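Student: Quick one: the structure is below, questions incoming.
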Amino acid sequence: MPQTRDDYMSDVTIGPRRRVDGPIFLADYDSAWPTLYEREAERVRGILDELVRLLEHVGSTSVPGLPAKPIVDMLLAVADSADEDGYVPSMEAAGYVLRIREPDWHEHRVFKGPDTDINLHTFSEGSSEIERMLAFRDRLRAHDDERDRYLQTKRELAARHWVYVQDYADAKGEIVEAIIARALANRS
């Protein structure tokens, strides 16, 4: 029997999944988000030093003017995200919490911050998902029409009742994939 998305997320989430049981709150764009990113980026670089291969502000909080869940998404590339012994203990000693481990999806890991609400998405250097995330961000920053369509979809979906935030994120998949496809087509 194929695994459901809920079963999959339960398997890859470390600790209990946090329920929303309602609509998703989208905050108006906050000019403090880039500052929060910079503070967290400086902290992560201080912890991991030369292990940081790439560190970027991604997601809706990285797009000026775009309302978002008030959670700063960050993209970290290390040499090998599957080699948790090489970086996870240092992150945990500094108060970060490893919440998601997806070995079958780009060796993706997600940390939550010690005091700032972040999602620190961690991949191995060279992962194709890194290019996709940056292409999505850059496309939204550069194209008002894409940003407006995406915002309209976000608002429509956010108003619905969701059990988990991941359900809302998954529901945005079609528009996200379309924007990424256009972004990558224009890069080649």
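If you're wondering about the labels, chains in the structure tokens are A, B, ... by order shown, residues count from 1 in each chain, ligands from 1 in order shown.
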Based on the backbone DSSP call, show me all residues of segment 2-163 of chain A assigned alpha helix (DSSP H), as a ChimeraX atom specification.
Tutor: /A:5-12,33-48,88-93,128-142,144-158
Student: Would you give me, as a tab-separated table, each residue of segment 102-121 of chain A having an atom within 10 Å of an atom of segment 127-150 of chain A, along with its shortest atom pair and that distance in Å to one decimal, using only C-alpha atoms and sorting by chain and residue number?
Tutor:
residue	atom	partner	partner_atom	distance
A:Trp105	CA	A:Glu129	CA	9.3
A:His106	CA	A:Ser127	CA	6.6
A:Glu107	CA	A:Ser127	CA	8.9
A:His108	CA	A:Glu129	CA	9.2
A:His121	CA	A:Ile130	CA	9.6
Student: For the residues in that selection, give me all heavy atoms as a PDB file, in the first residue's frame.
Tutor:
ATOM      1  N   TRP A 105      14.788  12.568  -0.346  1.00  0.00           N
ATOM      2  CA  TRP A 105      14.489  13.762  -1.138  1.00  0.00           C
ATOM      3  C   TRP A 105      15.654  14.730  -0.986  1.00  0.00           C
ATOM      4  O   TRP A 105      15.677  15.563  -0.091  1.00  0.00           O
ATOM      5  CB  TRP A 105      13.166  14.411  -0.716  1.00  0.00           C
ATOM      6  CG  TRP A 105      12.755  15.518  -1.625  1.00  0.00           C
ATOM      7  CD1 TRP A 105      12.278  15.406  -2.904  1.00  0.00           C
ATOM      8  CD2 TRP A 105      12.826  16.924  -1.353  1.00  0.00           C
ATOM      9  NE1 TRP A 105      12.052  16.648  -3.435  1.00  0.00           N
ATOM     10  CE2 TRP A 105      12.382  17.606  -2.506  1.00  0.00           C
ATOM     11  CE3 TRP A 105      13.236  17.668  -0.256  1.00  0.00           C
ATOM     12  CZ2 TRP A 105      12.322  18.991  -2.580  1.00  0.00           C
ATOM     13  CZ3 TRP A 105      13.174  19.045  -0.337  1.00  0.00           C
ATOM     14  CH2 TRP A 105      12.719  19.690  -1.491  1.00  0.00           C
ATOM     15  N   HIS A 106      16.641  14.570  -1.835  1.00  0.00           N
ATOM     16  CA  HIS A 106      17.806  15.464  -1.880  1.00  0.00           C
ATOM     17  C   HIS A 106      18.574  15.520  -0.560  1.00  0.00           C
ATOM     18  O   HIS A 106      19.259  16.506  -0.307  1.00  0.00           O
ATOM     19  CB  HIS A 106      17.396  16.885  -2.292  1.00  0.00           C
ATOM     20  CG  HIS A 106      16.694  16.965  -3.592  1.00  0.00           C
ATOM     21  ND1 HIS A 106      17.360  17.066  -4.790  1.00  0.00           N
ATOM     22  CD2 HIS A 106      15.367  16.941  -3.902  1.00  0.00           C
ATOM     23  CE1 HIS A 106      16.479  17.116  -5.780  1.00  0.00           C
ATOM     24  NE2 HIS A 106      15.279  17.032  -5.269  1.00  0.00           N
ATOM     25  N   GLU A 107      18.438  14.492   0.284  1.00  0.00           N
ATOM     26  CA  GLU A 107      19.088  14.502   1.603  1.00  0.00           C
ATOM     27  C   GLU A 107      18.770  15.800   2.368  1.00  0.00           C
ATOM     28  O   GLU A 107      19.612  16.382   3.042  1.00  0.00           O
ATOM     29  CB  GLU A 107      20.607  14.300   1.487  1.00  0.00           C
ATOM     30  CG  GLU A 107      21.015  12.911   1.067  1.00  0.00           C
ATOM     31  CD  GLU A 107      20.734  11.820   2.100  1.00  0.00           C
ATOM     32  OE1 GLU A 107      20.363  12.136   3.245  1.00  0.00           O
ATOM     33  OE2 GLU A 107      20.901  10.636   1.745  1.00  0.00           O
ATOM     34  N   HIS A 108      17.528  16.236   2.239  1.00  0.00           N
ATOM     35  CA  HIS A 108      17.044  17.479   2.836  1.00  0.00           C
ATOM     36  C   HIS A 108      16.946  17.356   4.352  1.00  0.00           C
ATOM     37  O   HIS A 108      16.456  16.358   4.880  1.00  0.00           O
ATOM     38  CB  HIS A 108      15.667  17.788   2.226  1.00  0.00           C
ATOM     39  CG  HIS A 108      15.002  19.004   2.740  1.00  0.00           C
ATOM     40  ND1 HIS A 108      13.717  18.969   3.233  1.00  0.00           N
ATOM     41  CD2 HIS A 108      15.396  20.294   2.812  1.00  0.00           C
ATOM     42  CE1 HIS A 108      13.351  20.193   3.581  1.00  0.00           C
ATOM     43  NE2 HIS A 108      14.357  21.011   3.338  1.00  0.00           N
ATOM     44  N   HIS A 121      16.632  25.215   5.639  1.00  0.00           N
ATOM     45  CA  HIS A 121      16.638  24.091   4.708  1.00  0.00           C
ATOM     46  C   HIS A 121      18.082  23.774   4.353  1.00  0.00           C
ATOM     47  O   HIS A 121      18.806  24.650   3.882  1.00  0.00           O
ATOM     48  CB  HIS A 121      15.860  24.451   3.437  1.00  0.00           C
ATOM     49  CG  HIS A 121      14.432  24.757   3.697  1.00  0.00           C
ATOM     50  ND1 HIS A 121      13.470  23.777   3.744  1.00  0.00           N
ATOM     51  CD2 HIS A 121      13.801  25.935   3.951  1.00  0.00           C
ATOM     52  CE1 HIS A 121      12.291  24.338   3.997  1.00  0.00           C
ATOM     53  NE2 HIS A 121      12.469  25.642   4.136  1.00  0.00           N
TER      54      HIS A 121
END
Student: Report as a list of chain:residue names all protein, DNA and RNA residues lying within 10 Å of Ala82 of chain A, evaluated on only C-alpha atoms, omitting residues in the same chain fewer than 5 positions from it.
Tutor: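 Listing them by chain and then by number gives A:Tyr87, A:Arg101, A:Glu102, A:Pro103, A:His106, A:Glu107, A:His108, A:Arg109, A:Thr122, A:Phe123, A:Ser124.
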Student: Keeping only N, CA, C and O atoms, write those residues as a PDB file, in the first residue's frame.
Tutor:
ATOM      1  N   TYR A  87      27.948  18.259  11.039  1.00  0.00           N
ATOM      2  CA  TYR A  87      27.409  19.600  11.291  1.00  0.00           C
ATOM      3  C   TYR A  87      26.251  19.654  12.282  1.00  0.00           C
ATOM      4  O   TYR A  87      26.067  20.668  12.958  1.00  0.00           O
ATOM      5  N   ARG A 101      14.174  15.253   8.509  1.00  0.00           N
ATOM      6  CA  ARG A 101      15.244  14.501   7.858  1.00  0.00           C
ATOM      7  C   ARG A 101      14.602  13.736   6.702  1.00  0.00           C
ATOM      8  O   ARG A 101      13.823  12.818   6.926  1.00  0.00           O
ATOM      9  N   GLU A 102      14.948  14.143   5.478  1.00  0.00           N
ATOM     10  CA  GLU A 102      14.397  13.502   4.278  1.00  0.00           C
ATOM     11  C   GLU A 102      15.525  12.898   3.435  1.00  0.00           C
ATOM     12  O   GLU A 102      15.947  13.477   2.441  1.00  0.00           O
ATOM     13  N   PRO A 103      16.005  11.719   3.802  1.00  0.00           N
ATOM     14  CA  PRO A 103      17.113  11.124   3.050  1.00  0.00           C
ATOM     15  C   PRO A 103      16.754  10.787   1.599  1.00  0.00           C
ATOM     16  O   PRO A 103      17.632  10.781   0.742  1.00  0.00           O
ATOM     17  N   HIS A 106      16.641  14.570  -1.835  1.00  0.00           N
ATOM     18  CA  HIS A 106      17.806  15.464  -1.880  1.00  0.00           C
ATOM     19  C   HIS A 106      18.574  15.520  -0.560  1.00  0.00           C
ATOM     20  O   HIS A 106      19.259  16.506  -0.307  1.00  0.00           O
ATOM     21  N   GLU A 107      18.438  14.492   0.284  1.00  0.00           N
ATOM     22  CA  GLU A 107      19.088  14.502   1.603  1.00  0.00           C
ATOM     23  C   GLU A 107      18.770  15.800   2.368  1.00  0.00           C
ATOM     24  O   GLU A 107      19.612  16.382   3.042  1.00  0.00           O
ATOM     25  N   HIS A 108      17.528  16.236   2.239  1.00  0.00           N
ATOM     26  CA  HIS A 108      17.044  17.479   2.836  1.00  0.00           C
ATOM     27  C   HIS A 108      16.946  17.356   4.352  1.00  0.00           C
ATOM     28  O   HIS A 108      16.456  16.358   4.880  1.00  0.00           O
ATOM     29  N   ARG A 109      17.406  18.396   5.039  1.00  0.00           N
ATOM     30  CA  ARG A 109      17.260  18.516   6.476  1.00  0.00           C
ATOM     31  C   ARG A 109      16.688  19.901   6.769  1.00  0.00           C
ATOM     32  O   ARG A 109      16.958  20.848   6.021  1.00  0.00           O
ATOM     33  N   THR A 122      18.491  22.548   4.572  1.00  0.00           N
ATOM     34  CA  THR A 122      19.879  22.151   4.371  1.00  0.00           C
ATOM     35  C   THR A 122      19.965  21.065   3.317  1.00  0.00           C
ATOM     36  O   THR A 122      19.245  20.063   3.382  1.00  0.00           O
ATOM     37  N   PHE A 123      20.840  21.295   2.327  1.00  0.00           N
ATOM     38  CA  PHE A 123      21.061  20.370   1.224  1.00  0.00           C
ATOM     39  C   PHE A 123      22.553  20.174   1.019  1.00  0.00           C
ATOM     40  O   PHE A 123      23.364  20.985   1.471  1.00  0.00           O
ATOM     41  N   SER A 124      22.894  19.143   0.278  1.00  0.00           N
ATOM     42  CA  SER A 124      24.276  18.951  -0.148  1.00  0.00           C
ATOM     43  C   SER A 124      24.588  19.924  -1.270  1.00  0.00           C
ATOM     44  O   SER A 124      23.737  20.182  -2.136  1.00  0.00           O
TER      45      SER A 124
END
Student: As a ChimeraX atom specification, please: the residues near segment 40-53 of chain A (cut-off 12 Å, only C-alpha atoms, same-chain neighbours under 2 positions excluded).
Tutor: /A:33-38,55-58,72-81,83-84,86-96,111-120,122-127,130
Student: For the selection you just gave me, I'd like the residues written to a file as a compact mmCIF listing (two decimals), in the first residue's frame, keeping N, CA and C atoms.
Tutor:
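Just written: part34.txt:
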# COMPACT_ATOMS: atom_id res chain seq x y z
N TRP A 33 12.42 41.30 8.16
CA TRP A 33 12.76 39.93 7.76
C TRP A 33 14.18 39.81 7.21
N PRO A 34 14.64 40.70 6.32
CA PRO A 34 16.03 40.58 5.86
C PRO A 34 17.04 40.74 7.01
N THR A 35 16.73 41.59 7.97
CA THR A 35 17.61 41.77 9.12
C THR A 35 17.66 40.50 9.97
N LEU A 36 16.50 39.88 10.17
CA LEU A 36 16.47 38.61 10.91
C LEU A 36 17.28 37.55 10.17
N TYR A 37 17.13 37.52 8.83
CA TYR A 37 17.92 36.57 8.05
C TYR A 37 19.42 36.82 8.27
N GLU A 38 19.84 38.06 8.14
CA GLU A 38 21.27 38.38 8.27
C GLU A 38 21.80 37.98 9.65
N LEU A 55 24.73 30.06 1.69
CA LEU A 55 23.70 30.42 2.67
C LEU A 55 22.92 31.58 2.07
N GLU A 56 21.62 31.38 1.88
CA GLU A 56 20.78 32.37 1.20
C GLU A 56 19.44 32.51 1.92
N HIS A 57 18.87 33.71 1.80
CA HIS A 57 17.51 33.99 2.26
C HIS A 57 16.59 33.59 1.12
N VAL A 58 15.64 32.70 1.38
CA VAL A 58 14.72 32.21 0.35
C VAL A 58 13.29 32.29 0.87
N VAL A 72 11.20 32.92 8.68
CA VAL A 72 12.26 33.21 7.72
C VAL A 72 12.83 31.90 7.19
N ASP A 73 12.69 31.70 5.88
CA ASP A 73 13.26 30.52 5.24
C ASP A 73 14.69 30.82 4.81
N MET A 74 15.56 29.87 5.13
CA MET A 74 16.97 30.00 4.79
C MET A 74 17.41 28.74 4.06
N LEU A 75 18.36 28.90 3.17
CA LEU A 75 18.89 27.79 2.38
C LEU A 75 20.37 27.65 2.71
N LEU A 76 20.74 26.50 3.23
CA LEU A 76 22.12 26.20 3.58
C LEU A 76 22.60 25.03 2.74
N ALA A 77 23.76 25.18 2.13
CA ALA A 77 24.41 24.06 1.45
C ALA A 77 25.68 23.72 2.22
N VAL A 78 25.84 22.43 2.51
CA VAL A 78 27.05 21.89 3.11
C VAL A 78 27.59 20.85 2.13
N ALA A 79 28.79 20.37 2.35
CA ALA A 79 29.38 19.40 1.42
C ALA A 79 28.48 18.17 1.26
N ASP A 80 27.99 17.63 2.37
CA ASP A 80 27.17 16.42 2.33
C ASP A 80 26.16 16.49 3.47
N SER A 81 24.93 16.83 3.14
CA SER A 81 23.92 16.99 4.19
C SER A 81 23.57 15.66 4.86
N ASP A 83 25.81 13.63 5.95
CA ASP A 83 26.84 13.46 6.96
C ASP A 83 26.50 14.31 8.17
N GLU A 84 25.46 13.92 8.88
CA GLU A 84 24.97 14.71 10.01
C GLU A 84 26.01 14.87 11.10
N GLY A 86 28.91 15.64 10.82
CA GLY A 86 29.79 16.73 10.48
C GLY A 86 29.27 18.12 10.82
N TYR A 87 27.95 18.26 11.04
CA TYR A 87 27.41 19.60 11.29
C TYR A 87 26.25 19.65 12.28
N VAL A 88 25.48 18.61 12.41
CA VAL A 88 24.30 18.65 13.29
C VAL A 88 24.68 18.87 14.76
N PRO A 89 25.67 18.16 15.31
CA PRO A 89 26.00 18.40 16.72
C PRO A 89 26.37 19.85 17.02
N SER A 90 27.10 20.50 16.12
CA SER A 90 27.46 21.91 16.33
C SER A 90 26.22 22.80 16.32
N MET A 91 25.31 22.52 15.39
CA MET A 91 24.08 23.31 15.31
C MET A 91 23.23 23.10 16.57
N GLU A 92 23.11 21.85 17.00
CA GLU A 92 22.31 21.57 18.19
C GLU A 92 22.93 22.17 19.45
N ALA A 93 24.25 22.17 19.53
CA ALA A 93 24.91 22.77 20.69
C ALA A 93 24.63 24.27 20.77
N ALA A 94 24.35 24.89 19.62
CA ALA A 94 24.05 26.33 19.58
C ALA A 94 22.55 26.60 19.72
N GLY A 95 21.76 25.56 19.94
CA GLY A 95 20.33 25.75 20.19
C GLY A 95 19.42 25.47 19.01
N TYR A 96 19.96 25.12 17.85
CA TYR A 96 19.12 24.78 16.70
C TYR A 96 18.59 23.36 16.89
N PHE A 111 16.24 22.68 10.07
CA PHE A 111 16.44 23.07 11.45
C PHE A 111 15.49 24.21 11.79
N LYS A 112 15.07 24.26 13.04
CA LYS A 112 14.38 25.42 13.61
C LYS A 112 15.40 26.17 14.46
N GLY A 113 15.21 27.48 14.55
CA GLY A 113 16.17 28.31 15.27
C GLY A 113 15.96 28.33 16.77
N PRO A 114 17.00 28.77 17.48
CA PRO A 114 16.90 28.82 18.94
C PRO A 114 15.99 29.93 19.44
N ASP A 115 15.85 31.03 18.69
CA ASP A 115 15.01 32.12 19.18
C ASP A 115 14.26 32.84 18.07
N THR A 116 14.69 32.74 16.84
CA THR A 116 13.98 33.33 15.71
C THR A 116 13.26 32.21 14.97
N ASP A 117 12.03 32.47 14.56
CA ASP A 117 11.26 31.45 13.85
C ASP A 117 11.80 31.34 12.42
N ILE A 118 12.58 30.30 12.19
CA ILE A 118 13.18 30.06 10.88
C ILE A 118 12.94 28.62 10.45
N ASN A 119 13.08 28.40 9.17
CA ASN A 119 13.23 27.07 8.60
C ASN A 119 14.56 27.10 7.87
N LEU A 120 15.56 26.41 8.40
CA LEU A 120 16.87 26.36 7.77
C LEU A 120 16.93 25.07 6.94
N THR A 122 18.49 22.55 4.57
CA THR A 122 19.88 22.15 4.37
C THR A 122 19.97 21.07 3.32
N PHE A 123 20.84 21.30 2.33
CA PHE A 123 21.06 20.37 1.22
C PHE A 123 22.55 20.17 1.02
N SER A 124 22.89 19.14 0.28
CA SER A 124 24.28 18.95 -0.15
C SER A 124 24.59 19.92 -1.27
N GLU A 125 25.81 20.44 -1.25
CA GLU A 125 26.26 21.33 -2.30
C GLU A 125 26.03 20.66 -3.66
N GLY A 126 25.48 21.42 -4.60
CA GLY A 126 25.22 20.89 -5.94
C GLY A 126 23.84 20.28 -6.11
N SER A 127 23.05 20.18 -5.05
CA SER A 127 21.70 19.63 -5.17
C SER A 127 20.89 20.48 -6.15
N ILE A 130 18.63 23.34 -4.80
CA ILE A 130 19.19 24.66 -4.50
C ILE A 130 18.90 25.61 -5.66
Student: Please provide the set of residues having any atom within 10 Å of Arg160 of chain A, restricted to only C-alpha atoms, with same-chain residues fewer than 3 positions apart removed, written as a VMD selection string.
Tutor: chain A and resid 21 to 24 155 to 157 168
Student: Residues at most 7 Å from segment 27-29 of chain A, counting only C-alpha atoms, excluding those fewer than 4 positions away in the same chain, as a list in words?
Tutor: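 Returned residues: Pro64, Gly65, Leu66, Pro67, Ala68, Lys69 and Pro70 of chain A.
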Student: Please give the complete set of residues from segment 1-155 of chain A that DSSP, run on the backbone, assigns to strand (DSSP E or B), formatted as a PyMOL selection string.
Tutor: chain A and resi 13+19-22+27+54-58+68+72-78+97-102+108-112+118-124
Student: Could you tell me how far atom CA of Ile100 of chain A lies from atom CA of Lys154 of chain A, in Å and to one decimal?
Tutor: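 Interatomic distance, atom CA of Ile100 of chain A to atom CA of Lys154 of chain A: 23.3 Å.
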Student: Find the residue from A:Val12, A:Val110, A:Leu151, A:Ala32 that sits nearest to Val176 of chain A; use only C-alpha atoms when measuring.
Tutor: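 Checking each of A:Val12, A:Val110, A:Leu151, A:Ala32 against Val176 of chain A, counting only C-alpha atoms, the winner is A:Leu151.
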Student: Separation of atom CA of Tyr164 of chain A and atom CA of Arg39 of chain A, in Å?
Tutor: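 For atom CA of Tyr164 of chain A relative to atom CA of Arg39 of chain A, the distance reads 28.0 Å.
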Student: Rank A:Arg182, A:His161, A:Lys172, A:Arg187 by their smallest atom-to-atom distance to Arg19 of chain A, using only C-alpha atoms, and report the top residue only.
Tutor: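 The shortest atom-to-atom distance to Arg19 of chain A comes from A:His161.
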